[in-house]
>>> print(open('input.cif').read())   # mmCIF, C-alpha atoms
data_final
#
loop_
_atom_site.label_atom_id
_atom_site.label_comp_id
_atom_site.auth_asym_id
_atom_site.auth_seq_id
_atom_site.Cartn_x
_atom_site.Cartn_y
_atom_site.Cartn_z
CA MET A 1 13.21 15.56 13.76
CA ASP A 2 11.12 13.07 11.79
CA THR A 3 10.84 14.50 8.29
CA ALA A 4 7.41 12.95 7.88
CA SER A 5 6.06 15.50 10.36
CA ALA A 6 8.11 18.45 9.19
CA PRO A 7 6.95 21.19 6.82
CA PRO A 8 8.25 20.83 3.26
CA ALA A 9 11.31 23.01 3.57
CA ALA A 10 12.02 24.52 0.16
CA THR A 11 15.33 26.05 -0.87
CA ASP A 12 16.10 27.96 -4.03
CA THR A 13 18.87 26.42 -6.09
CA ASP A 14 20.33 27.11 -9.50
CA THR A 15 20.69 23.48 -10.50
CA GLY A 16 18.36 21.17 -12.36
CA THR A 17 16.68 21.21 -15.71
CA GLY A 18 13.26 21.96 -17.01
CA SER A 19 10.77 24.73 -17.33
CA GLY A 20 7.82 25.99 -15.34
CA THR A 21 7.42 27.87 -12.09
CA GLY A 22 9.22 26.31 -9.14
CA THR A 23 11.61 23.92 -10.91
CA GLY A 24 14.52 25.69 -9.22
CA THR A 25 13.10 24.82 -5.78
CA GLU A 26 14.10 21.71 -3.88
CA TYR A 27 11.57 20.31 -1.43
CA GLU A 28 12.10 18.00 1.53
CA TYR A 29 10.33 14.68 1.04
CA PRO A 30 8.12 13.33 2.57
CA PHE A 31 5.90 16.39 2.51
CA HIS A 32 4.04 17.81 5.49
CA ARG A 33 0.57 16.40 6.11
CA PRO A 34 -1.42 18.79 8.36
CA SER A 35 -3.89 16.22 9.70
CA ALA A 36 -4.95 12.60 9.56
CA VAL A 37 -7.57 13.32 6.90
CA GLU A 38 -5.66 15.49 4.42
CA VAL A 39 -3.05 14.75 1.80
CA PRO A 40 -0.01 17.06 1.81
CA PRO A 41 -1.40 20.40 0.55
CA VAL A 42 1.80 21.11 -1.39
CA TYR A 43 0.59 18.67 -4.06
CA GLU A 44 -2.06 21.10 -5.26
CA GLU A 45 0.66 23.70 -5.83
CA LEU A 46 2.93 21.20 -7.55
CA ARG A 47 0.24 19.95 -9.93
CA ALA A 48 -0.52 23.52 -10.94
CA LYS A 49 2.97 25.04 -11.12
CA CYS A 50 5.68 22.38 -10.80
CA PRO A 51 4.44 18.96 -11.91
CA VAL A 52 8.01 17.59 -11.84
CA ALA A 53 9.50 18.79 -8.56
CA ARG A 54 13.04 18.27 -7.31
CA VAL A 55 13.18 16.84 -3.81
CA ARG A 56 15.63 15.79 -1.14
CA LEU A 57 14.82 12.15 -0.33
CA PRO A 58 14.94 10.64 3.18
CA SER A 59 18.21 8.93 2.21
CA GLY A 60 19.78 12.34 1.56
CA ASP A 61 19.88 11.76 -2.20
CA GLU A 62 18.24 14.07 -4.70
CA GLY A 63 15.22 12.95 -6.69
CA TYR A 64 12.02 14.04 -8.40
CA VAL A 65 8.33 13.86 -7.55
CA VAL A 66 5.82 13.61 -10.40
CA SER A 67 2.39 14.76 -9.22
CA ARG A 68 -0.13 14.86 -12.10
CA TYR A 69 -2.33 11.88 -12.94
CA ASP A 70 -1.24 11.29 -16.55
CA ASP A 71 2.44 11.79 -15.71
CA THR A 72 2.21 9.44 -12.73
CA ARG A 73 0.69 6.75 -14.95
CA THR A 74 3.61 7.23 -17.32
CA VAL A 75 6.18 6.73 -14.56
CA LEU A 76 4.35 3.61 -13.34
CA ALA A 77 4.09 1.97 -16.76
CA ASP A 78 6.95 3.27 -18.95
CA PRO A 79 9.92 0.82 -18.98
CA ARG A 80 12.32 3.77 -19.01
CA PHE A 81 11.44 4.12 -15.32
CA SER A 82 13.09 1.08 -13.77
CA ARG A 83 12.72 -0.84 -10.54
CA ALA A 84 15.71 -3.10 -11.13
CA ALA A 85 18.03 -0.09 -11.47
CA MET A 86 17.38 0.67 -7.80
CA LEU A 87 19.89 -2.12 -7.10
CA ASP A 88 22.67 -0.54 -9.18
CA GLU A 89 25.73 0.65 -7.30
CA GLY A 90 25.49 4.38 -6.71
CA ALA A 91 21.80 4.58 -7.65
CA PRO A 92 19.71 7.10 -5.69
CA ARG A 93 17.91 5.55 -2.76
CA LEU A 94 14.57 6.43 -1.28
CA THR A 95 15.67 5.30 2.18
CA ALA A 96 18.98 4.73 3.94
CA ALA A 97 18.64 0.94 3.68
CA PRO A 98 19.26 -0.61 0.26
CA PRO A 99 16.31 -2.24 -1.52
CA MET A 100 15.95 -6.00 -1.34
CA PRO A 101 17.09 -7.87 -4.47
CA GLY A 102 15.08 -10.70 -5.94
CA SER A 103 11.58 -9.37 -5.22
CA LEU A 104 8.95 -8.19 -7.68
CA PHE A 105 9.57 -4.69 -6.29
CA THR A 106 13.14 -4.71 -7.65
CA MET A 107 12.63 -6.45 -10.99
CA ASP A 108 12.05 -5.36 -14.58
CA ALA A 109 11.09 -7.46 -17.58
CA PRO A 110 11.95 -10.15 -18.51
CA GLU A 111 12.76 -11.36 -14.95
CA HIS A 112 9.68 -9.64 -13.54
CA THR A 113 7.49 -11.11 -16.28
CA ARG A 114 8.75 -14.63 -15.59
CA VAL A 115 8.34 -14.52 -11.82
CA ARG A 116 4.97 -12.79 -11.93
CA ARG A 117 3.70 -15.31 -14.48
CA LEU A 118 4.68 -18.21 -12.24
CA VAL A 119 3.09 -16.64 -9.17
CA SER A 120 -0.05 -15.66 -11.07
CA ARG A 121 -0.62 -19.30 -11.99
CA GLU A 122 -1.48 -19.94 -8.34
CA PHE A 123 -2.44 -16.54 -6.90
CA THR A 124 -5.58 -16.39 -9.01
CA ALA A 125 -8.89 -14.57 -8.82
CA ARG A 126 -10.52 -17.96 -8.24
CA ARG A 127 -8.31 -18.59 -5.20
CA VAL A 128 -9.35 -15.22 -3.77
CA GLN A 129 -13.00 -15.87 -4.59
CA ASN A 130 -12.81 -19.23 -2.83
CA LEU A 131 -11.30 -17.48 0.18
CA ARG A 132 -14.17 -14.99 0.55
CA PRO A 133 -16.34 -17.22 2.80
CA ARG A 134 -13.36 -17.71 5.11
CA ILE A 135 -12.69 -13.94 5.16
CA GLN A 136 -16.35 -13.44 6.11
CA GLN A 137 -16.05 -16.04 8.87
CA LEU A 138 -12.91 -14.46 10.31
CA THR A 139 -14.57 -11.03 10.11
CA ASP A 140 -17.67 -12.24 11.95
CA GLU A 141 -15.58 -13.87 14.68
CA LEU A 142 -13.67 -10.64 15.28
CA LEU A 143 -16.90 -8.63 15.36
CA ASP A 144 -18.39 -11.14 17.82
CA SER A 145 -15.45 -10.48 20.14
CA MET A 146 -15.66 -6.73 19.61
CA GLU A 147 -19.38 -6.73 20.46
CA LYS A 148 -18.59 -8.14 23.91
CA LEU A 149 -16.36 -5.17 24.77
CA SER A 150 -17.50 -1.99 26.46
CA PRO A 151 -17.22 0.98 24.10
CA PRO A 152 -15.34 3.06 23.31
CA VAL A 153 -12.69 0.78 21.86
CA ASP A 154 -9.76 1.23 19.53
CA LEU A 155 -10.75 -0.41 16.25
CA ASN A 156 -7.12 -1.07 15.29
CA PRO A 157 -6.15 -3.88 17.71
CA VAL A 158 -9.59 -5.50 17.79
CA PHE A 159 -10.37 -5.49 14.06
CA ALA A 160 -8.31 -3.48 11.56
CA PHE A 161 -5.00 -5.17 12.42
CA PRO A 162 -5.92 -8.81 13.15
CA LEU A 163 -8.22 -9.33 10.15
CA PRO A 164 -5.68 -8.79 7.33
CA VAL A 165 -3.05 -10.73 9.27
CA MET A 166 -5.44 -13.64 9.73
CA VAL A 167 -6.33 -13.57 6.04
CA ILE A 168 -2.75 -13.52 4.75
CA CYS A 169 -1.78 -16.28 7.21
CA GLU A 170 -4.73 -18.31 5.96
CA LEU A 171 -3.81 -17.69 2.32
CA LEU A 172 -0.12 -18.49 2.63
CA GLY A 173 -0.37 -21.22 5.24
CA VAL A 174 1.58 -19.30 7.87
CA PRO A 175 0.94 -20.05 11.58
CA PHE A 176 -1.25 -17.27 12.97
CA GLU A 177 0.54 -17.45 16.32
CA ASP A 178 3.53 -15.84 14.57
CA ARG A 179 1.51 -12.73 13.74
CA ASP A 180 3.18 -10.47 16.30
CA ARG A 181 6.52 -11.04 14.60
CA PHE A 182 5.07 -9.82 11.29
CA ARG A 183 4.39 -6.37 12.73
CA GLY A 184 8.02 -5.64 13.51
CA TRP A 185 9.21 -7.09 10.22
CA SER A 186 6.65 -5.22 8.14
CA ASP A 187 7.22 -1.90 9.88
CA ALA A 188 10.92 -2.18 9.05
CA PHE A 189 10.22 -3.07 5.41
CA VAL A 190 8.01 0.01 4.85
CA SER A 191 10.08 2.42 6.92
CA LEU A 192 11.14 5.75 5.47
CA THR A 193 12.76 7.38 8.47
CA ALA A 194 11.37 5.45 11.48
CA HIS A 195 14.19 2.88 11.44
CA THR A 196 17.92 3.06 10.91
CA ALA A 197 19.47 1.16 8.01
CA GLU A 198 20.91 -1.30 10.54
CA GLU A 199 17.50 -1.93 12.11
CA VAL A 200 15.94 -2.53 8.69
CA MET A 201 18.65 -5.01 7.70
CA GLU A 202 18.36 -6.85 11.03
CA GLN A 203 14.59 -7.26 10.65
CA ARG A 204 15.01 -8.23 7.00
CA MET A 205 17.45 -11.03 7.83
CA SER A 206 15.14 -12.32 10.55
CA MET A 207 12.26 -12.49 8.10
CA VAL A 208 14.41 -14.17 5.43
CA GLN A 209 15.34 -16.88 7.93
CA TYR A 210 11.68 -17.37 8.90
CA LEU A 211 10.53 -17.68 5.27
CA ALA A 212 13.41 -20.03 4.40
CA GLU A 213 12.25 -22.36 7.17
CA LEU A 214 8.65 -22.04 6.01
CA VAL A 215 9.59 -22.95 2.43
CA GLN A 216 11.38 -26.06 3.69
CA ARG A 217 8.31 -27.09 5.72
CA LYS A 218 6.01 -26.60 2.73
CA ARG A 219 8.34 -28.63 0.56
CA ALA A 220 8.40 -31.48 3.08
CA GLU A 221 4.71 -31.30 4.03
CA PRO A 222 2.71 -29.48 1.33
CA ALA A 223 -0.76 -28.26 2.23
CA ASP A 224 -3.66 -26.56 0.46
CA ASP A 225 -2.25 -23.06 0.68
CA LEU A 226 -0.59 -20.55 -1.62
CA MET A 227 2.94 -21.03 -0.27
CA SER A 228 2.78 -24.77 -0.88
CA ALA A 229 1.48 -24.10 -4.37
CA LEU A 230 4.32 -21.66 -5.11
CA VAL A 231 6.89 -24.21 -3.93
CA SER A 232 5.63 -26.70 -6.52
CA VAL A 233 4.55 -24.35 -9.35
CA HIS A 234 6.25 -24.61 -12.73
CA ASP A 235 5.44 -23.61 -16.29
CA GLU A 236 5.23 -25.64 -19.50
CA ASP A 237 9.02 -25.56 -19.84
CA GLY A 238 9.54 -26.81 -16.32
CA ASP A 239 10.71 -23.43 -15.04
CA ARG A 240 10.28 -22.97 -11.30
CA LEU A 241 10.76 -20.29 -8.71
CA SER A 242 14.24 -20.50 -7.19
CA GLU A 243 14.72 -20.80 -3.43
CA HIS A 244 15.60 -17.11 -3.20
CA GLU A 245 12.58 -16.14 -5.30
CA LEU A 246 10.29 -18.23 -3.08
CA ILE A 247 11.63 -16.57 0.06
CA THR A 248 11.39 -13.02 -1.31
CA MET A 249 7.93 -13.73 -2.74
CA GLY A 250 6.78 -14.94 0.66
CA ILE A 251 8.14 -11.75 2.23
CA THR A 252 6.48 -9.63 -0.45
CA LEU A 253 3.10 -11.27 0.04
CA LEU A 254 3.28 -11.16 3.84
CA VAL A 255 4.24 -7.49 3.99
CA ALA A 256 2.18 -6.15 1.10
CA GLY A 257 -0.66 -8.54 1.89
CA HIS A 258 -1.46 -7.11 5.27
CA GLU A 259 0.38 -3.82 5.93
CA THR A 260 -1.59 -1.81 3.37
CA THR A 261 -4.97 -3.36 4.22
CA VAL A 262 -4.43 -2.76 7.94
CA SER A 263 -3.93 0.94 7.24
CA MET A 264 -6.83 1.17 4.80
CA ILE A 265 -9.51 -0.42 7.02
CA GLY A 266 -9.14 2.23 9.71
CA LYS A 267 -8.90 5.15 7.28
CA CYS A 268 -11.87 3.96 5.22
CA VAL A 269 -14.05 3.51 8.30
CA LEU A 270 -13.05 6.99 9.50
CA THR A 271 -14.03 8.47 6.13
CA LEU A 272 -17.47 6.88 6.32
CA LEU A 273 -18.03 7.97 9.92
CA ARG A 274 -17.16 11.54 8.95
CA HIS A 275 -19.82 11.43 6.22
CA PRO A 276 -22.99 10.06 7.86
CA GLU A 277 -25.10 10.77 4.78
CA HIS A 278 -22.94 8.48 2.65
CA LEU A 279 -22.78 5.91 5.44
CA ALA A 280 -26.58 5.87 5.62
CA ALA A 281 -26.80 5.49 1.85
CA LEU A 282 -24.44 2.52 1.96
CA ARG A 283 -26.51 0.87 4.67
CA GLU A 284 -29.64 1.34 2.56
CA ARG A 285 -27.91 0.03 -0.58
CA PRO A 286 -25.24 -2.45 0.56
CA GLU A 287 -24.85 -3.67 -3.03
CA THR A 288 -22.97 -0.41 -3.79
CA ILE A 289 -20.05 -1.43 -1.57
CA ASP A 290 -17.82 -2.26 -4.56
CA HIS A 291 -17.93 1.28 -5.96
CA VAL A 292 -17.80 2.87 -2.50
CA VAL A 293 -14.55 1.00 -1.85
CA GLU A 294 -13.08 2.38 -5.10
CA GLU A 295 -13.78 5.94 -3.98
CA LEU A 296 -12.38 5.14 -0.54
CA LEU A 297 -9.20 3.84 -2.18
CA ARG A 298 -8.97 6.98 -4.29
CA ILE A 299 -9.33 9.47 -1.46
CA ASN A 300 -7.29 7.62 1.19
CA PRO A 301 -3.70 7.27 0.01
CA ILE A 302 -1.73 4.33 1.38
CA GLY A 303 1.19 6.71 1.87
CA ASP A 304 1.96 10.34 1.17
CA GLY A 305 3.86 9.64 -2.05
CA GLY A 306 4.03 6.59 -4.24
CA PRO A 307 6.31 4.00 -5.89
CA PHE A 308 9.98 4.76 -6.57
CA ARG A 309 11.75 4.31 -9.91
CA ILE A 310 15.13 5.06 -11.55
CA THR A 311 15.34 6.56 -15.05
CA LEU A 312 17.29 4.46 -17.57
CA GLU A 313 17.73 7.43 -19.91
CA ASP A 314 16.88 11.12 -20.07
CA VAL A 315 13.06 11.35 -20.00
CA GLU A 316 10.94 14.44 -20.59
CA ILE A 317 7.84 14.71 -18.42
CA ALA A 318 5.58 17.78 -18.44
CA GLY A 319 8.26 19.87 -20.14
CA THR A 320 10.99 18.87 -17.68
CA VAL A 321 13.89 16.61 -18.64
CA ILE A 322 14.61 14.12 -15.86
CA PRO A 323 18.23 13.00 -16.32
CA LYS A 324 19.28 9.38 -16.68
CA GLY A 325 19.95 7.71 -13.34
CA SER A 326 17.52 9.90 -11.39
CA GLY A 327 15.24 8.67 -8.63
CA VAL A 328 11.58 9.42 -9.33
CA ILE A 329 8.55 9.12 -7.06
CA ALA A 330 5.24 8.51 -8.82
CA ALA A 331 3.02 10.45 -6.41
CA VAL A 332 -0.15 8.37 -6.42
CA ALA A 333 -1.36 10.37 -3.40
CA SER A 334 -1.43 13.46 -5.63
CA ALA A 335 -2.51 11.79 -8.89
CA ASN A 336 -5.66 10.42 -7.26
CA GLN A 337 -6.75 13.96 -6.48
CA ASP A 338 -5.94 15.50 -9.85
CA PRO A 339 -9.01 17.51 -10.95
CA ASP A 340 -8.08 17.01 -14.61
CA ARG A 341 -8.94 13.32 -14.14
CA PHE A 342 -11.46 13.21 -11.31
CA GLY A 343 -13.31 16.51 -11.67
CA GLU A 344 -13.67 19.37 -9.25
CA ASP A 345 -13.58 19.00 -5.47
CA THR A 346 -11.38 15.93 -5.66
CA GLY A 347 -10.61 16.20 -1.95
CA ALA A 348 -14.24 15.41 -1.16
CA PHE A 349 -15.51 11.88 -0.54
CA ASP A 350 -18.17 11.24 -3.19
CA PRO A 351 -19.21 7.58 -3.62
CA SER A 352 -21.20 8.54 -6.71
CA ARG A 353 -18.09 9.83 -8.50
CA PRO A 354 -18.17 7.94 -11.82
CA SER A 355 -14.41 8.15 -12.34
CA ALA A 356 -13.45 6.72 -8.93
CA GLY A 357 -12.40 3.39 -10.41
CA ALA A 358 -9.65 5.08 -12.43
CA HIS A 359 -7.58 5.63 -9.26
CA LEU A 360 -3.97 4.47 -9.09
CA ALA A 361 -4.05 3.24 -5.50
CA LEU A 362 -3.28 -0.30 -6.64
CA GLY A 363 -0.73 0.76 -9.23
CA HIS A 364 -0.70 0.66 -13.01
CA GLY A 365 1.13 -1.24 -15.72
CA ALA A 366 3.29 -4.33 -15.27
CA HIS A 367 3.62 -3.75 -11.51
CA PHE A 368 -0.13 -3.45 -10.87
CA CYS A 369 -0.80 -4.89 -7.41
CA LEU A 370 -0.69 -8.67 -7.54
CA GLY A 371 -3.07 -8.83 -4.57
CA ALA A 372 -5.60 -6.25 -5.81
CA ALA A 373 -8.49 -8.73 -5.80
CA LEU A 374 -7.65 -9.81 -2.25
CA ALA A 375 -7.38 -6.22 -1.00
CA ARG A 376 -10.74 -5.32 -2.53
CA ALA A 377 -12.38 -8.44 -1.09
CA GLU A 378 -11.09 -7.73 2.40
CA LEU A 379 -12.17 -4.08 2.34
CA GLN A 380 -15.61 -4.88 0.93
CA ILE A 381 -16.27 -7.61 3.50
CA ALA A 382 -14.72 -5.77 6.47
CA ILE A 383 -16.52 -2.46 5.91
CA SER A 384 -19.92 -3.86 5.00
CA SER A 385 -19.87 -6.33 7.91
CA LEU A 386 -18.77 -3.72 10.44
CA ILE A 387 -21.46 -1.18 9.59
CA ARG A 388 -24.12 -3.90 9.42
CA ARG A 389 -23.19 -5.32 12.83
CA PHE A 390 -22.94 -1.90 14.50
CA PRO A 391 -25.67 0.34 13.04
CA ARG A 392 -24.88 3.08 15.58
CA LEU A 393 -21.12 3.00 15.04
CA ALA A 394 -19.60 6.43 15.61
CA LEU A 395 -16.24 8.08 16.12
CA ALA A 396 -15.45 8.30 19.84
CA ASP A 397 -13.11 11.29 19.68
CA ASP A 398 -12.69 14.50 17.76
CA VAL A 399 -11.07 13.92 14.40
CA ASP A 400 -8.53 16.64 15.20
CA ASN A 401 -7.17 14.41 17.96
CA LEU A 402 -6.36 11.59 15.53
CA SER A 403 -2.99 11.17 13.90
CA LEU A 404 -1.23 8.94 11.41
CA THR A 405 1.93 6.96 11.96
CA THR A 406 4.97 8.83 10.68
CA GLY A 407 8.26 7.94 9.08
CA MET A 408 6.69 5.12 7.06
CA MET A 409 5.81 4.47 3.41
CA VAL A 410 2.43 3.19 4.61
CA HIS A 411 0.48 5.37 7.03
CA ALA A 412 -2.12 3.96 9.42
CA LEU A 413 -4.15 5.75 12.05
CA SER A 414 -2.28 5.58 15.35
CA ARG A 415 -5.61 4.82 16.97
CA MET A 416 -9.21 4.64 15.78
CA PRO A 417 -11.57 5.07 18.77
CA VAL A 418 -15.18 4.06 18.07
CA THR A 419 -18.35 3.62 20.03
CA TRP A 420 -21.77 2.17 19.24
#
>>> encode(input="input.cif", output="structure tokens")
Amino acid sequence: MDTASAPPAATDTDTGTGSGTGTGTEYEYPFHRPSAVEVPPVYEELRAKCPVARVRLPSGDEGYVVSRYDDTRTVLADPRFSRAAMLDEGAPRLTAAPPMPGSLFTMDAPEHTRVRRLVSREFTARRVQNLRPRIQQLTDELLDSMEKLSPPVDLNPVFAFPLPVMVICELLGVPFEDRDRFRGWSDAFVSLTAHTAEEVMEQRMSMVQYLAELVQRKRAEPADDLMSALVSVHDEDGDRLSEHELITMGITLLVAGHETTVSMIGKCVLTLLRHPEHLAALRERPETIDHVVEELLRINPIGDGGPFRITLEDVEIAGTVIPKGSGVIAAVASANQDPDRFGEDTGAFDPSRPSAGAHLALGHGAHFCLGAALARAELQIAISSLIRRFPRLALADDVDNLSLTTGMMVHALSRMPVTW
């Protein structure tokens, strides 16, 4: 059975360290999510009674889940919680497939600092700002096509999926006709239990080959796109990205640049349609879209957990000592609903919430999302354009009939039926 749809089986054990109610209980991760619009309810219990919980990971290894806001920020930013150590022989794994070496997701300083600095020289806020008119044009073209259809339609294939793929192809200079291949590759890269280790490795090698060929094309025929810029970028000392770093960076940007936004468009639209009073307020005051998007990011987790780290030494969190060499999940899904940071009724969608911008949906610390500005731009343009074009947009099915994809690190709505 897919553990993403199973209840969080808990077994009493006499191992582990720490204090507080429940630290002797081991949970099955990922936790059970009862519907498409709720985070796993076990997080409320963990924040209150067991903020550092021992879990059985999808790989079969043991690990820990940290669920409170302040503690999650610590795991995300403290260098004692390592990404590079995920590559060490014998290190706990989140999934059956080993992590991919050479990417920002498996680097610590100083390697991470060097690579990110080189990439940041070209993947700038100005580049994203200059891309906004093109994002708007692509959005309008998709909405033109959608308007010609007879409702109800599934928003995913006509809008939520193609838009981020078009944008990342435009940004990187990747042929859009290859978009269908990205779906299989990306699904494998963000799989928890939906793919075997062999399937993940097969898809990974296919994508490596594709990006290697793309790098060679950009080197031979550079264009005005981010991938061409990364091929030629260097710092004051002449340092450049290696061939392997270019390939893994291309993979990182392709996967992270569309997979998360695809999932968020559908979930954000669903949240607005379920709250017509807030949808009406946004239509009346479209200039509030920036803050509305922050609250949408806070309340709609990309996945049911968060980033994975390995401890480089014994670390005490919330009164519990996490031993050196332990796998730790920084549960952003829980942290973003911590009442100690966001006030009471954190499960409610409240666009006026003043603290919404403090969410951790885009990370924190050195690994803060490199594409945060792009993600925000896409969501702001996509949502505001959709509700402006279709003033009578409504959900075309009962919310109880909707479900999220399972077995993945990133959860999207399986379908998003709308009418107008």
>>> closest_residue(input="input.cif", among="A:Ala53, A:Ala109, A:Ile265, A:Leu273", to="Ala330 of chain A", atoms="only C-alpha atoms")
A:Ala53
>>> atom_distance(input="input.cif", atom1="atom CA of Val200 of chain A", atom2="atom CA of Ala85 of chain A")
20.4 Å
>>> resolve_selection(input="input.cif", expression="the PyMOL selection byres ((chain A and resi 62) around 10)", output="ChimeraX atom specification")
/A:26-29,54-61,63-64,92-94,326-328
>>> resolve_selection(input="input.cif", expression="the PyMOL selection byres ((chain A and resi 48) around 10)", output="number ranges by chain")
A: 20-21, 43-47, 49-51, 67-68, 338
>>> write_last_selection(input="input.cif", atoms="C-alpha atoms", output="PDB file, in the frame of the given file")
ATOM      1  CA  GLY A  20       7.820  25.990 -15.340  1.00  0.00           C
ATOM      2  CA  THR A  21       7.420  27.870 -12.090  1.00  0.00           C
ATOM      3  CA  TYR A  43       0.590  18.670  -4.060  1.00  0.00           C
ATOM      4  CA  GLU A  44      -2.060  21.100  -5.260  1.00  0.00           C
ATOM      5  CA  GLU A  45       0.660  23.700  -5.830  1.00  0.00           C
ATOM      6  CA  LEU A  46       2.930  21.200  -7.550  1.00  0.00           C
ATOM      7  CA  ARG A  47       0.240  19.950  -9.930  1.00  0.00           C
ATOM      8  CA  LYS A  49       2.970  25.040 -11.120  1.00  0.00           C
ATOM      9  CA  CYS A  50       5.680  22.380 -10.800  1.00  0.00           C
ATOM     10  CA  PRO A  51       4.440  18.960 -11.910  1.00  0.00           C
ATOM     11  CA  SER A  67       2.390  14.760  -9.220  1.00  0.00           C
ATOM     12  CA  ARG A  68      -0.130  14.860 -12.100  1.00  0.00           C
ATOM     13  CA  ASP A 338      -5.940  15.500  -9.850  1.00  0.00           C
TER      14      ASP A 338
END
>>> residues_around(input="input.cif", residues="Asn300 of chain A", least_positions_apart="2", cutoff="12 Å", atoms="only C-alpha atoms", output="PDB file with C-alpha atoms, keeping the file's coordinate frame")
ATOM      1  CA  ALA A  36      -4.950  12.600   9.560  1.00  0.00           C
ATOM      2  CA  VAL A  37      -7.570  13.320   6.900  1.00  0.00           C
ATOM      3  CA  GLU A  38      -5.660  15.490   4.420  1.00  0.00           C
ATOM      4  CA  VAL A  39      -3.050  14.750   1.800  1.00  0.00           C
ATOM      5  CA  PRO A  40      -0.010  17.060   1.810  1.00  0.00           C
ATOM      6  CA  THR A 260      -1.590  -1.810   3.370  1.00  0.00           C
ATOM      7  CA  THR A 261      -4.970  -3.360   4.220  1.00  0.00           C
ATOM      8  CA  SER A 263      -3.930   0.940   7.240  1.00  0.00           C
ATOM      9  CA  MET A 264      -6.830   1.170   4.800  1.00  0.00           C
ATOM     10  CA  ILE A 265      -9.510  -0.420   7.020  1.00  0.00           C
ATOM     11  CA  GLY A 266      -9.140   2.230   9.710  1.00  0.00           C
ATOM     12  CA  LYS A 267      -8.900   5.150   7.280  1.00  0.00           C
ATOM     13  CA  CYS A 268     -11.870   3.960   5.220  1.00  0.00           C
ATOM     14  CA  VAL A 269     -14.050   3.510   8.300  1.00  0.00           C
ATOM     15  CA  LEU A 270     -13.050   6.990   9.500  1.00  0.00           C
ATOM     16  CA  THR A 271     -14.030   8.470   6.130  1.00  0.00           C
ATOM     17  CA  LEU A 272     -17.470   6.880   6.320  1.00  0.00           C
ATOM     18  CA  VAL A 293     -14.550   1.000  -1.850  1.00  0.00           C
ATOM     19  CA  GLU A 294     -13.080   2.380  -5.100  1.00  0.00           C
ATOM     20  CA  GLU A 295     -13.780   5.940  -3.980  1.00  0.00           C
ATOM     21  CA  LEU A 296     -12.380   5.140  -0.540  1.00  0.00           C
ATOM     22  CA  LEU A 297      -9.200   3.840  -2.180  1.00  0.00           C
ATOM     23  CA  ARG A 298      -8.970   6.980  -4.290  1.00  0.00           C
ATOM     24  CA  ILE A 302      -1.730   4.330   1.380  1.00  0.00           C
ATOM     25  CA  GLY A 303       1.190   6.710   1.870  1.00  0.00           C
ATOM     26  CA  ASP A 304       1.960  10.340   1.170  1.00  0.00           C
ATOM     27  CA  GLY A 305       3.860   9.640  -2.050  1.00  0.00           C
ATOM     28  CA  VAL A 332      -0.150   8.370  -6.420  1.00  0.00           C
ATOM     29  CA  ALA A 333      -1.360  10.370  -3.400  1.00  0.00           C
ATOM     30  CA  SER A 334      -1.430  13.460  -5.630  1.00  0.00           C
ATOM     31  CA  ALA A 335      -2.510  11.790  -8.890  1.00  0.00           C
ATOM     32  CA  ASN A 336      -5.660  10.420  -7.260  1.00  0.00           C
ATOM     33  CA  GLN A 337      -6.750  13.960  -6.480  1.00  0.00           C
ATOM     34  CA  THR A 346     -11.380  15.930  -5.660  1.00  0.00           C
ATOM     35  CA  GLY A 347     -10.610  16.200  -1.950  1.00  0.00           C
ATOM     36  CA  ALA A 348     -14.240  15.410  -1.160  1.00  0.00           C
ATOM     37  CA  PHE A 349     -15.510  11.880  -0.540  1.00  0.00           C
ATOM     38  CA  ALA A 356     -13.450   6.720  -8.930  1.00  0.00           C
ATOM     39  CA  HIS A 359      -7.580   5.630  -9.260  1.00  0.00           C
ATOM     40  CA  LEU A 360      -3.970   4.470  -9.090  1.00  0.00           C
ATOM     41  CA  ALA A 361      -4.050   3.240  -5.500  1.00  0.00           C
ATOM     42  CA  LEU A 362      -3.280  -0.300  -6.640  1.00  0.00           C
ATOM     43  CA  LEU A 404      -1.230   8.940  11.410  1.00  0.00           C
ATOM     44  CA  VAL A 410       2.430   3.190   4.610  1.00  0.00           C
ATOM     45  CA  HIS A 411       0.480   5.370   7.030  1.00  0.00           C
ATOM     46  CA  ALA A 412      -2.120   3.960   9.420  1.00  0.00           C
ATOM     47  CA  LEU A 413      -4.150   5.750  12.050  1.00  0.00           C
TER      48      LEU A 413
END
>>> closest_residue(input="input.cif", among="A:Glu198, A:Asp180, A:Glu245, A:Asp144", to="Leu118 of chain A", atoms="only C-alpha atoms")
A:Glu245
>>> closest_residue(input="input.cif", among="A:Gly319, A:Gly363, A:Pro164, A:Pro99", to="Val52 of chain A", atoms="all atoms listed in the file")
A:Gly319
>>> closest_residue(input="input.cif", among="A:Tyr210, A:Phe161, A:Phe308, A:Phe81", to="Gly257 of chain A", atoms="all atoms listed in the file")
A:Phe161
>>> residues_around(input="input.cif", residues="Trp185 of chain A", least_positions_apart="2", cutoff="7 Å", atoms="only C-alpha atoms", output="PyMOL selection string")
chain A and resi 181-183+187-189+203-204+207
>>> closest_residue(input="input.cif", among="A:Leu142, A:Ala373, A:Leu163, A:Ala281", to="Arg127 of chain A", atoms="all atoms listed in the file")
A:Ala373
>>> atom_distance(input="input.cif", atom1="atom CA of Leu226 of chain A", atom2="atom CA of Gly365 of chain A")
24.0 Å
>>> closest_residue(input="input.cif", among="A:Glu378, A:Ile251, A:Glu316, A:Val119", to="Val231 of chain A", atoms="all atoms listed in the file")
A:Val119
>>> atom_distance(input="input.cif", atom1="atom CA of Gln216 of chain A", atom2="atom CA of His244 of chain A")
12.1 Å
